[in-house]
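Enquirer: Handing over my_file.pdb, PDB, N, CA and C atoms.
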ATOM      1  N   MET A 157      -8.755  -4.188  -8.133
ATOM      2  CA  MET A 157      -9.484  -3.424  -7.176
ATOM      3  C   MET A 157      -8.827  -2.065  -7.022
ATOM      4  N   LYS A 158      -9.611  -1.062  -6.708
ATOM      5  CA  LYS A 158      -9.104   0.292  -6.481
ATOM      6  C   LYS A 158      -9.402   0.686  -5.046
ATOM      7  N   LEU A 159      -8.378   1.197  -4.373
ATOM      8  CA  LEU A 159      -8.526   1.662  -2.999
ATOM      9  C   LEU A 159      -7.983   3.081  -2.899
ATOM     10  N   THR A 160      -8.634   3.901  -2.092
ATOM     11  CA  THR A 160      -8.167   5.267  -1.870
ATOM     12  C   THR A 160      -7.812   5.426  -0.407
ATOM     13  N   GLY A 161      -6.698   6.104  -0.153
ATOM     14  CA  GLY A 161      -6.273   6.322   1.221
ATOM     15  C   GLY A 161      -4.971   7.085   1.284
ATOM     16  N   THR A 162      -4.293   6.945   2.408
ATOM     17  CA  THR A 162      -3.021   7.628   2.646
ATOM     18  C   THR A 162      -1.892   6.614   2.633
ATOM     19  N   ILE A 163      -0.863   6.909   1.855
ATOM     20  CA  ILE A 163       0.310   6.043   1.783
ATOM     21  C   ILE A 163       1.250   6.426   2.922
ATOM     22  N   LYS A 164       1.745   5.411   3.611
ATOM     23  CA  LYS A 164       2.662   5.629   4.734
ATOM     24  C   LYS A 164       3.919   4.788   4.528
ATOM     25  N   ARG A 165       5.044   5.325   4.954
ATOM     26  CA  ARG A 165       6.317   4.603   4.899
ATOM     27  C   ARG A 165       6.572   3.995   6.265
ATOM     28  N   ASN A 166       6.876   2.712   6.287
ATOM     29  CA  ASN A 166       7.194   1.993   7.508
ATOM     30  C   ASN A 166       8.655   1.565   7.409
ATOM     31  N   GLU A 167       9.483   1.945   8.360
ATOM     32  CA  GLU A 167      10.920   1.640   8.294
ATOM     33  C   GLU A 167      11.278   0.289   8.912
ATOM     34  N   LEU A 168      10.310  -0.481   9.385
ATOM     35  CA  LEU A 168      10.550  -1.791   9.972
ATOM     36  C   LEU A 168      11.166  -2.747   8.950
ATOM     37  N   GLU A 169      12.189  -3.466   9.349
ATOM     38  CA  GLU A 169      12.820  -4.502   8.512
ATOM     39  C   GLU A 169      13.237  -4.009   7.130
ATOM     40  N   GLY A 170      13.853  -2.858   7.052
ATOM     41  CA  GLY A 170      14.356  -2.362   5.776
ATOM     42  C   GLY A 170      13.381  -1.476   5.019
ATOM     43  N   GLY A 171      12.166  -1.348   5.517
ATOM     44  CA  GLY A 171      11.210  -0.420   4.921
ATOM     45  C   GLY A 171      10.161  -1.077   4.047
ATOM     46  N   SER A 172       8.961  -0.542   4.144
ATOM     47  CA  SER A 172       7.864  -0.986   3.296
ATOM     48  C   SER A 172       6.853   0.146   3.200
ATOM     49  N   TRP A 173       5.951   0.014   2.249
ATOM     50  CA  TRP A 173       4.895   0.995   2.047
ATOM     51  C   TRP A 173       3.569   0.393   2.458
ATOM     52  N   THR A 174       2.711   1.183   3.094
ATOM     53  CA  THR A 174       1.374   0.742   3.429
ATOM     54  C   THR A 174       0.363   1.762   2.926
ATOM     55  N   LEU A 175      -0.860   1.304   2.756
ATOM     56  CA  LEU A 175      -1.979   2.175   2.403
ATOM     57  C   LEU A 175      -3.003   2.037   3.517
ATOM     58  N   VAL A 176      -3.399   3.174   4.100
ATOM     59  CA  VAL A 176      -4.430   3.188   5.131
ATOM     60  C   VAL A 176      -5.658   3.861   4.531
ATOM     61  N   THR A 177      -6.771   3.117   4.458
ATOM     62  CA  THR A 177      -7.999   3.647   3.864
ATOM     63  C   THR A 177      -8.766   4.479   4.894
ATOM     64  N   ALA A 178      -9.793   5.199   4.431
ATOM     65  CA  ALA A 178     -10.641   6.007   5.314
ATOM     66  C   ALA A 178     -11.357   5.129   6.343
ATOM     67  N   LYS A 179     -11.568   3.862   6.009
ATOM     68  CA  LYS A 179     -12.217   2.917   6.927
ATOM     69  C   LYS A 179     -11.244   2.367   7.966
ATOM     70  N   GLY A 180      -9.954   2.732   7.860
ATOM     71  CA  GLY A 180      -8.946   2.255   8.795
ATOM     72  C   GLY A 180      -8.310   0.939   8.411
ATOM     73  N   GLU A 181      -8.619   0.439   7.216
ATOM     74  CA  GLU A 181      -7.999  -0.802   6.727
ATOM     75  C   GLU A 181      -6.564  -0.487   6.291
ATOM     76  N   THR A 182      -5.644  -1.389   6.606
ATOM     77  CA  THR A 182      -4.237  -1.210   6.243
ATOM     78  C   THR A 182      -3.807  -2.331   5.310
ATOM     79  N   TYR A 183      -3.159  -1.944   4.208
ATOM     80  CA  TYR A 183      -2.640  -2.900   3.234
ATOM     81  C   TYR A 183      -1.148  -2.656   3.067
ATOM     82  N   THR A 184      -0.364  -3.726   2.993
ATOM     83  CA  THR A 184       1.054  -3.628   2.668
ATOM     84  C   THR A 184       1.167  -3.605   1.152
ATOM     85  N   LEU A 185       1.843  -2.583   0.617
ATOM     86  CA  LEU A 185       1.978  -2.443  -0.836
ATOM     87  C   LEU A 185       3.213  -3.182  -1.317
ATOM     88  N   ILE A 186       3.035  -4.022  -2.323
ATOM     89  CA  ILE A 186       4.154  -4.740  -2.935
ATOM     90  C   ILE A 186       4.099  -4.501  -4.439
ATOM     91  N   GLY A 187       5.221  -4.678  -5.086
ATOM     92  CA  GLY A 187       5.258  -4.497  -6.539
ATOM     93  C   GLY A 187       5.609  -3.071  -6.914
ATOM     94  N   THR A 188       4.883  -2.513  -7.844
ATOM     95  CA  THR A 188       5.162  -1.193  -8.410
ATOM     96  C   THR A 188       4.745  -0.076  -7.461
ATOM     97  N   THR A 189       5.704   0.431  -6.676
ATOM     98  CA  THR A 189       5.404   1.530  -5.754
ATOM     99  C   THR A 189       6.082   2.835  -6.184
ATOM    100  N   THR A 190       6.485   2.896  -7.430
ATOM    101  CA  THR A 190       7.114   4.105  -7.962
ATOM    102  C   THR A 190       6.173   5.293  -7.796
ATOM    103  N   GLY A 191       6.699   6.381  -7.281
ATOM    104  CA  GLY A 191       5.910   7.589  -7.091
ATOM    105  C   GLY A 191       5.264   7.685  -5.723
ATOM    106  N   ALA A 192       5.363   6.635  -4.915
ATOM    107  CA  ALA A 192       4.783   6.670  -3.567
ATOM    108  C   ALA A 192       5.582   7.626  -2.691
ATOM    109  N   LYS A 193       4.863   8.409  -1.886
ATOM    110  CA  LYS A 193       5.492   9.344  -0.950
ATOM    111  C   LYS A 193       4.766   9.244   0.384
ATOM    112  N   ASP A 194       5.526   9.322   1.460
ATOM    113  CA  ASP A 194       4.948   9.244   2.796
ATOM    114  C   ASP A 194       3.935  10.371   3.005
ATOM    115  N   GLY A 195       2.722  10.024   3.428
ATOM    116  CA  GLY A 195       1.674  10.999   3.669
ATOM    117  C   GLY A 195       0.835  11.345   2.448
ATOM    118  N   MET A 196       1.160  10.761   1.316
ATOM    119  CA  MET A 196       0.461  11.048   0.056
ATOM    120  C   MET A 196      -0.945  10.450   0.045
ATOM    121  N   LYS A 197      -1.937  11.248  -0.328
ATOM    122  CA  LYS A 197      -3.297  10.745  -0.561
ATOM    123  C   LYS A 197      -3.304  10.189  -1.975
ATOM    124  N   ALA A 198      -3.741   8.942  -2.129
ATOM    125  CA  ALA A 198      -3.637   8.295  -3.438
ATOM    126  C   ALA A 198      -4.747   7.282  -3.677
ATOM    127  N   GLU A 199      -4.946   7.004  -4.967
ATOM    128  CA  GLU A 199      -5.788   5.895  -5.388
ATOM    129  C   GLU A 199      -4.826   4.809  -5.869
ATOM    130  N   VAL A 200      -4.959   3.623  -5.302
ATOM    131  CA  VAL A 200      -4.049   2.531  -5.622
ATOM    132  C   VAL A 200      -4.846   1.409  -6.277
ATOM    133  N   GLU A 201      -4.364   0.964  -7.426
ATOM    134  CA  GLU A 201      -4.977  -0.162  -8.133
ATOM    135  C   GLU A 201      -4.095  -1.380  -7.948
ATOM    136  N   GLY A 202      -4.721  -2.530  -7.707
ATOM    137  CA  GLY A 202      -3.953  -3.746  -7.544
ATOM    138  C   GLY A 202      -4.826  -4.919  -7.171
ATOM    139  N   LYS A 203      -4.166  -5.980  -6.747
ATOM    140  CA  LYS A 203      -4.854  -7.231  -6.402
ATOM    141  C   LYS A 203      -4.333  -7.714  -5.053
ATOM    142  N   VAL A 204      -5.248  -8.088  -4.155
ATOM    143  CA  VAL A 204      -4.844  -8.632  -2.866
ATOM    144  C   VAL A 204      -4.274 -10.027  -3.083
ATOM    145  N   GLU A 205      -3.062 -10.226  -2.586
ATOM    146  CA  GLU A 205      -2.374 -11.522  -2.686
ATOM    147  C   GLU A 205      -2.659 -12.307  -1.409
ATOM    148  N   LYS A 206      -3.666 -13.140  -1.421
ATOM    149  CA  LYS A 206      -4.112 -13.846  -0.220
ATOM    150  C   LYS A 206      -3.095 -14.847   0.311
ATOM    151  N   ALA A 207      -2.285 -15.430  -0.537
ATOM    152  CA  ALA A 207      -1.333 -16.451  -0.104
ATOM    153  C   ALA A 207       0.062 -15.885   0.163
ATOM    154  N   ALA A 208       0.261 -14.576  -0.028
ATOM    155  CA  ALA A 208       1.588 -13.971   0.111
ATOM    156  C   ALA A 208       1.972 -13.816   1.579
ATOM    157  N   MET A 209       3.270 -13.948   1.846
ATOM    158  CA  MET A 209       3.817 -13.756   3.185
ATOM    159  C   MET A 209       5.076 -12.924   3.053
ATOM    160  N   GLY A 210       5.417 -12.196   4.108
ATOM    161  CA  GLY A 210       6.635 -11.415   4.079
ATOM    162  C   GLY A 210       6.981 -10.889   5.455
ATOM    163  N   ILE A 211       8.155 -10.297   5.573
ATOM    164  CA  ILE A 211       8.617  -9.711   6.828
ATOM    165  C   ILE A 211       8.024  -8.310   6.954
ATOM    166  N   GLY A 212       7.576  -7.950   8.136
ATOM    167  CA  GLY A 212       7.072  -6.608   8.379
ATOM    168  C   GLY A 212       5.695  -6.345   7.795
ATOM    169  N   VAL A 213       4.929  -7.375   7.543
ATOM    170  CA  VAL A 213       3.605  -7.212   6.933
ATOM    171  C   VAL A 213       2.673  -6.522   7.925
ATOM    172  N   MET A 214       2.038  -5.444   7.470
ATOM    173  CA  MET A 214       1.160  -4.648   8.313
ATOM    174  C   MET A 214      -0.321  -4.902   8.007
ATOM    175  N   GLY A 215      -0.608  -5.777   7.100
ATOM    176  CA  GLY A 215      -1.973  -6.090   6.701
ATOM    177  C   GLY A 215      -1.905  -6.924   5.437
ATOM    178  N   PRO A 216      -3.051  -7.185   4.807
ATOM    179  CA  PRO A 216      -3.031  -7.942   3.556
ATOM    180  C   PRO A 216      -2.090  -7.286   2.540
ATOM    181  N   GLN A 217      -1.416  -8.101   1.756
ATOM    182  CA  GLN A 217      -0.504  -7.561   0.742
ATOM    183  C   GLN A 217      -1.276  -7.236  -0.530
ATOM    184  N   LEU A 218      -1.091  -6.008  -1.011
ATOM    185  CA  LEU A 218      -1.734  -5.543  -2.231
ATOM    186  C   LEU A 218      -0.666  -5.414  -3.309
ATOM    187  N   ALA A 219      -0.734  -6.273  -4.339
ATOM    188  CA  ALA A 219       0.199  -6.211  -5.469
ATOM    189  C   ALA A 219      -0.230  -5.030  -6.336
ATOM    190  N   VAL A 220       0.539  -3.963  -6.281
ATOM    191  CA  VAL A 220       0.179  -2.694  -6.923
ATOM    192  C   VAL A 220       0.447  -2.734  -8.433
ATOM    193  N   SER A 221      -0.529  -2.262  -9.193
ATOM    194  CA  SER A 221      -0.319  -2.097 -10.632
ATOM    195  C   SER A 221      -0.224  -0.616 -11.001
ATOM    196  N   LYS A 222      -0.798   0.261 -10.133
ATOM    197  CA  LYS A 222      -0.784   1.700 -10.447
ATOM    198  C   LYS A 222      -1.077   2.512  -9.188
ATOM    199  N   ILE A 223      -0.342   3.613  -9.030
ATOM    200  CA  ILE A 223      -0.598   4.581  -7.963
ATOM    201  C   ILE A 223      -0.861   5.933  -8.605
ATOM    202  N   THR A 224      -1.983   6.539  -8.248
ATOM    203  CA  THR A 224      -2.360   7.847  -8.790
ATOM    204  C   THR A 224      -2.660   8.798  -7.636
ATOM    205  N   PRO A 225      -2.085  10.010  -7.628
ATOM    206  CA  PRO A 225      -2.432  10.959  -6.564
ATOM    207  C   PRO A 225      -3.934  11.195  -6.531
ATOM    208  N   ALA A 226      -4.514  11.207  -5.323
ATOM    209  CA  ALA A 226      -5.961  11.435  -5.175
ATOM    210  C   ALA A 226      -6.284  12.893  -5.460
ATOM    211  N   LYS A 227      -7.479  13.098  -5.986
ATOM    212  CA  LYS A 227      -7.917  14.461  -6.311
ATOM    213  C   LYS A 227      -8.714  15.041  -5.186
TER     214      LYS A 227
END
As structure tokens, how would this structure be written, given the file I've shared?
Expert:
Amino acid sequence: MKLTGTIKRNELEGGSWTLVTAKGETYTLIGTTTGAKDGMKAEVEGKVEKAAMGIGVMGPQLAVSKITPAK
């Protein structure tokens, strides 16, 4: 799946990355987050991990395969 939104850095529990879409949906990014920057508009490709659990989860976990700056 591909989602477009703003990447945010959350410092809770050692830090994590989230993606907030234009619809206000929030996903916790897991996996390949290389190139992510706080406030960056991006298109994120990945798969929602429905059974995943973790500390500091801000929404469904999205296992990232690719992050591309939005145009």
Enquirer: Write out as a ChimeraX atom specification all residues of chain A that backbone DSSP assigns to strand (DSSP E).
Expert: /A:158-166,172-177,182-187,197-205,217-225
Enquirer: Just give me the gap between atom C of Lys179 (chain A) and CA of Gly215 (chain A) in Å, one decimal is fine.
Expert: 12.6 Å
Enquirer: As an exercise, work out the distance from CA of Val176 (chain A) to CA of Lys206 (chain A) in Å and give it to one decimal place.
Expert: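 Here the two named atoms are 17.9 Å from each other.
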Enquirer: For a test of reading the model, state the distance in Å between atom N of Lys227 (chain A) and CA of Lys197 (chain A), rounded to one decimal.
Expert: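 Atom-to-atom, atom N of Lys227 (chain A) to CA of Lys197 (chain A), that is 7.2 Å.
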Enquirer: Could you state which residues are captured by the PyMOL selection byres (((chain A and resi 216 and name CA) around 7) and name CA) in this file, as a ChimeraX atom specification?
Expert: /A:183-184,204,215,217-218
Enquirer: So that I have them on file, write out the residues from the current selection with N, CA and C atoms, as a CSV table (one decimal), in the coordinates of the input.
Expert:
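Result written to selection39.csv:
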chain,number,residue,atom,x,y,z
A,183,TYR,N,-3.2,-1.9,4.2
A,183,TYR,CA,-2.6,-2.9,3.2
A,183,TYR,C,-1.1,-2.7,3.1
A,184,THR,N,-0.4,-3.7,3.0
A,184,THR,CA,1.1,-3.6,2.7
A,184,THR,C,1.2,-3.6,1.2
A,204,VAL,N,-5.2,-8.1,-4.2
A,204,VAL,CA,-4.8,-8.6,-2.9
A,204,VAL,C,-4.3,-10.0,-3.1
A,215,GLY,N,-0.6,-5.8,7.1
A,215,GLY,CA,-2.0,-6.1,6.7
A,215,GLY,C,-1.9,-6.9,5.4
A,217,GLN,N,-1.4,-8.1,1.8
A,217,GLN,CA,-0.5,-7.6,0.7
A,217,GLN,C,-1.3,-7.2,-0.5
A,218,LEU,N,-1.1,-6.0,-1.0
A,218,LEU,CA,-1.7,-5.5,-2.2
A,218,LEU,C,-0.7,-5.4,-3.3
Enquirer: For Thr162 (chain A), list every protein, DNA or RNA residue within 6.5 Å, evaluated using only N, CA and C atoms, and leave out those in the same chain fewer than 5 positions away; present the list as a list in words.
Expert: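 Those residues are Thr174, Leu175, Val176, Thr177, Ala178, Gly195, Met196, Lys197 and Ala198 of chain A.
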Enquirer: List, as a list in words, every residue that the PyMOL selection byres ((chain A and resi 189) around 8) selects in the file provided.
Expert: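 What the PyMOL selection byres ((chain A and resi 189) around 8) grabs from the file is Trp173, Leu185, Ile186, Gly187, Thr188, Thr190, Gly191, Ala192, Lys193, Val220, Ser221, Lys222 and Ile223 of chain A.
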Enquirer: Find the residue from A:Glu181, A:Glu205, A:Val200, A:Asp194 that sits nearest to Arg165 (chain A); use only N, CA and C atoms when measuring.
Expert: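 Among the listed residues, A:Asp194 lies closest to Arg165 (chain A).
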Enquirer: Take the point (-7.8, 4.7, -2.9) as written in the file and pick out every residue within 6 Å of it, counting only C-alpha atoms; give the list as a list in words.
Expert: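 Here is the list of nearby residues: Lys158, Leu159, Thr160, Gly161, Ala198, Glu199 and Val200 of chain A.
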